[in-house]
Amino acid sequence: MSRWPSTQASRVLSALLHIGWHIKRTAGSHKILQRTDWPDAVFAFHDRDEIGPRMLARLSKVTGLKPEDL
């Protein structure tokens with residue numbers, strides 16, 4: 001079983017903002033996130049989209065997000 005639960009995109013974005021990411025710019029549903037000492041990350045989900053465990057694991061590698069941050 002995965003450590004990551006399926007979660008709504010709005011909750012994931014809120015967690016990313018809480019750990020220090022900022023929205024650099026928005027183009028449609030794509031948000032470019034920025035954080036000091038990290039490369040920019042693209043967050044391309046609508047607020048009510050359900051993000052599964054595999055995608056959350058991929059996001060964690062790019063953003064440093066942890067299951068306990070959700």
# chains A, B, ... in the order shown; residues from 1 in each chain; ligands from 1
>>> residues_around(residues="region 24-35 of chain A", least_positions_apart="5", cutoff="7 Å", atoms="only C-alpha atoms", output="VMD selection string")
chain A and resid 40 to 46
>>> closest_residue(among="A:Leu56, A:Ala15, A:Ile23, A:Ala9", to="Leu70 (chain A)", atoms="only C-alpha atoms")
A:Ala15
>>> residues_around(residues="region 4-6 of chain A", least_positions_apart="4", cutoff="8 Å", atoms="only C-alpha atoms", output="PyMOL selection string")
chain A and resi 50-54+56-57+67
>>> write_last_selection(atoms="N, CA and C atoms", output="CSV table (one decimal), in the first residue's frame")
chain,number,residue,atom,x,y,z
A,50,GLU,N,-8.9,14.8,-8.7
A,50,GLU,CA,-8.4,13.8,-7.7
A,50,GLU,C,-7.0,13.4,-8.1
A,51,ILE,N,-6.0,13.6,-7.3
A,51,ILE,CA,-4.6,13.2,-7.6
A,51,ILE,C,-4.3,11.9,-6.9
A,52,GLY,N,-3.9,10.9,-7.6
A,52,GLY,CA,-3.6,9.6,-7.1
A,52,GLY,C,-2.3,9.5,-6.5
A,53,PRO,N,-2.0,8.3,-5.8
A,53,PRO,CA,-0.7,8.1,-5.1
A,53,PRO,C,0.5,8.2,-6.0
A,54,ARG,N,0.4,7.7,-7.3
A,54,ARG,CA,1.6,7.7,-8.2
A,54,ARG,C,2.0,9.2,-8.5
A,56,LEU,N,1.2,11.9,-6.9
A,56,LEU,CA,1.7,12.5,-5.6
A,56,LEU,C,3.2,12.2,-5.4
A,57,ALA,N,3.5,10.9,-5.6
A,57,ALA,CA,4.9,10.5,-5.4
A,57,ALA,C,5.8,11.3,-6.4
A,67,PRO,N,4.0,13.2,2.8
A,67,PRO,CA,2.6,12.8,3.1
A,67,PRO,C,2.1,13.5,4.3
>>> atom_distance(atom1="CA of Leu13 (chain A)", atom2="CA of Glu68 (chain A)")
14.1 Å
>>> closest_residue(among="A:Thr63, A:Asp69, A:Trp38, A:Met55", to="His18 (chain A)", atoms="only C-alpha atoms")
A:Asp69
>>> select_by_dssp(residues="chain A", states="strand (DSSP E or B)", output="list of chain:residue names")
A:Thr7, A:Gln8, A:His22, A:Ile23, A:Lys24, A:Arg25, A:Thr26, A:Ala27, A:His30, A:Lys31, A:Ile32, A:Leu33, A:Gln34, A:Arg35, A:Trp38, A:Pro39, A:Asp40, A:Ala41, A:Val42, A:Phe43, A:Glu50, A:Ile51
>>> write_last_selection(atoms="N, CA, C and O atoms", output="PDB file, in the first residue's frame")
ATOM      1  N   THR A   7      -5.905  12.496  -3.151  1.00  0.00           N
ATOM      2  CA  THR A   7      -6.240  13.781  -2.560  1.00  0.00           C
ATOM      3  C   THR A   7      -6.679  14.753  -3.645  1.00  0.00           C
ATOM      4  O   THR A   7      -6.205  14.679  -4.775  1.00  0.00           O
ATOM      5  N   GLN A   8      -7.553  15.691  -3.281  1.00  0.00           N
ATOM      6  CA  GLN A   8      -7.970  16.713  -4.235  1.00  0.00           C
ATOM      7  C   GLN A   8      -6.823  17.678  -4.503  1.00  0.00           C
ATOM      8  O   GLN A   8      -6.013  17.981  -3.621  1.00  0.00           O
ATOM      9  N   HIS A  22       5.471  29.358  -4.068  1.00  0.00           N
ATOM     10  CA  HIS A  22       4.667  30.518  -4.447  1.00  0.00           C
ATOM     11  C   HIS A  22       4.255  30.362  -5.900  1.00  0.00           C
ATOM     12  O   HIS A  22       4.994  29.787  -6.696  1.00  0.00           O
ATOM     13  N   ILE A  23       3.089  30.888  -6.251  1.00  0.00           N
ATOM     14  CA  ILE A  23       2.650  30.852  -7.647  1.00  0.00           C
ATOM     15  C   ILE A  23       3.355  31.971  -8.392  1.00  0.00           C
ATOM     16  O   ILE A  23       3.185  33.142  -8.076  1.00  0.00           O
ATOM     17  N   LYS A  24       4.179  31.590  -9.342  1.00  0.00           N
ATOM     18  CA  LYS A  24       4.946  32.543 -10.138  1.00  0.00           C
ATOM     19  C   LYS A  24       4.067  33.132 -11.236  1.00  0.00           C
ATOM     20  O   LYS A  24       4.066  34.344 -11.452  1.00  0.00           O
ATOM     21  N   ARG A  25       3.323  32.263 -11.935  1.00  0.00           N
ATOM     22  CA  ARG A  25       2.389  32.727 -12.956  1.00  0.00           C
ATOM     23  C   ARG A  25       1.373  31.629 -13.233  1.00  0.00           C
ATOM     24  O   ARG A  25       1.580  30.466 -12.880  1.00  0.00           O
ATOM     25  N   THR A  26       0.284  32.015 -13.889  1.00  0.00           N
ATOM     26  CA  THR A  26      -0.783  31.084 -14.225  1.00  0.00           C
ATOM     27  C   THR A  26      -1.147  31.229 -15.686  1.00  0.00           C
ATOM     28  O   THR A  26      -1.232  32.342 -16.190  1.00  0.00           O
ATOM     29  N   ALA A  27      -1.368  30.116 -16.359  1.00  0.00           N
ATOM     30  CA  ALA A  27      -1.843  30.112 -17.743  1.00  0.00           C
ATOM     31  C   ALA A  27      -2.905  29.021 -17.841  1.00  0.00           C
ATOM     32  O   ALA A  27      -2.573  27.833 -17.898  1.00  0.00           O
ATOM     33  N   HIS A  30      -2.714  25.655 -15.682  1.00  0.00           N
ATOM     34  CA  HIS A  30      -1.314  25.419 -15.349  1.00  0.00           C
ATOM     35  C   HIS A  30      -0.797  26.527 -14.440  1.00  0.00           C
ATOM     36  O   HIS A  30      -0.895  27.698 -14.778  1.00  0.00           O
ATOM     37  N   LYS A  31      -0.254  26.135 -13.308  1.00  0.00           N
ATOM     38  CA  LYS A  31       0.370  27.086 -12.388  1.00  0.00           C
ATOM     39  C   LYS A  31       1.859  26.765 -12.327  1.00  0.00           C
ATOM     40  O   LYS A  31       2.235  25.621 -12.126  1.00  0.00           O
ATOM     41  N   ILE A  32       2.675  27.780 -12.503  1.00  0.00           N
ATOM     42  CA  ILE A  32       4.122  27.615 -12.382  1.00  0.00           C
ATOM     43  C   ILE A  32       4.467  28.011 -10.953  1.00  0.00           C
ATOM     44  O   ILE A  32       4.208  29.140 -10.535  1.00  0.00           O
ATOM     45  N   LEU A  33       5.014  27.067 -10.213  1.00  0.00           N
ATOM     46  CA  LEU A  33       5.364  27.302  -8.811  1.00  0.00           C
ATOM     47  C   LEU A  33       6.850  27.572  -8.683  1.00  0.00           C
ATOM     48  O   LEU A  33       7.661  26.977  -9.392  1.00  0.00           O
ATOM     49  N   GLN A  34       7.193  28.424  -7.742  1.00  0.00           N
ATOM     50  CA  GLN A  34       8.576  28.843  -7.547  1.00  0.00           C
ATOM     51  C   GLN A  34       8.913  28.747  -6.062  1.00  0.00           C
ATOM     52  O   GLN A  34       8.098  29.052  -5.202  1.00  0.00           O
ATOM     53  N   ARG A  35      10.149  28.315  -5.788  1.00  0.00           N
ATOM     54  CA  ARG A  35      10.650  28.270  -4.413  1.00  0.00           C
ATOM     55  C   ARG A  35      12.156  28.468  -4.469  1.00  0.00           C
ATOM     56  O   ARG A  35      12.838  27.940  -5.357  1.00  0.00           O
ATOM     57  N   TRP A  38      15.078  25.775  -5.502  1.00  0.00           N
ATOM     58  CA  TRP A  38      14.426  24.658  -6.186  1.00  0.00           C
ATOM     59  C   TRP A  38      14.137  25.091  -7.618  1.00  0.00           C
ATOM     60  O   TRP A  38      13.806  26.249  -7.857  1.00  0.00           O
ATOM     61  N   PRO A  39      14.194  24.166  -8.577  1.00  0.00           N
ATOM     62  CA  PRO A  39      13.756  24.526  -9.931  1.00  0.00           C
ATOM     63  C   PRO A  39      12.242  24.720  -9.942  1.00  0.00           C
ATOM     64  O   PRO A  39      11.527  24.147  -9.118  1.00  0.00           O
ATOM     65  N   ASP A  40      11.754  25.554 -10.862  1.00  0.00           N
ATOM     66  CA  ASP A  40      10.315  25.789 -10.968  1.00  0.00           C
ATOM     67  C   ASP A  40       9.584  24.476 -11.230  1.00  0.00           C
ATOM     68  O   ASP A  40      10.101  23.572 -11.881  1.00  0.00           O
ATOM     69  N   ALA A  41       8.361  24.381 -10.720  1.00  0.00           N
ATOM     70  CA  ALA A  41       7.543  23.189 -10.901  1.00  0.00           C
ATOM     71  C   ALA A  41       6.211  23.587 -11.519  1.00  0.00           C
ATOM     72  O   ALA A  41       5.673  24.646 -11.222  1.00  0.00           O
ATOM     73  N   VAL A  42       5.691  22.735 -12.390  1.00  0.00           N
ATOM     74  CA  VAL A  42       4.397  22.980 -13.034  1.00  0.00           C
ATOM     75  C   VAL A  42       3.334  22.178 -12.291  1.00  0.00           C
ATOM     76  O   VAL A  42       3.476  20.979 -12.078  1.00  0.00           O
ATOM     77  N   PHE A  43       2.261  22.866 -11.907  1.00  0.00           N
ATOM     78  CA  PHE A  43       1.116  22.235 -11.256  1.00  0.00           C
ATOM     79  C   PHE A  43      -0.056  22.387 -12.212  1.00  0.00           C
ATOM     80  O   PHE A  43      -0.589  23.483 -12.361  1.00  0.00           O
ATOM     81  N   GLU A  50      -8.897  14.780  -8.677  1.00  0.00           N
ATOM     82  CA  GLU A  50      -8.379  13.844  -7.682  1.00  0.00           C
ATOM     83  C   GLU A  50      -6.979  13.423  -8.138  1.00  0.00           C
ATOM     84  O   GLU A  50      -6.807  12.952  -9.262  1.00  0.00           O
ATOM     85  N   ILE A  51      -5.996  13.613  -7.289  1.00  0.00           N
ATOM     86  CA  ILE A  51      -4.619  13.233  -7.612  1.00  0.00           C
ATOM     87  C   ILE A  51      -4.315  11.931  -6.886  1.00  0.00           C
ATOM     88  O   ILE A  51      -4.436  11.857  -5.660  1.00  0.00           O
TER      89      ILE A  51
END
>>> select_by_dssp(residues="chain A", states="alpha helix (DSSP H)", output="number ranges by chain")
A: 9-18, 53-63
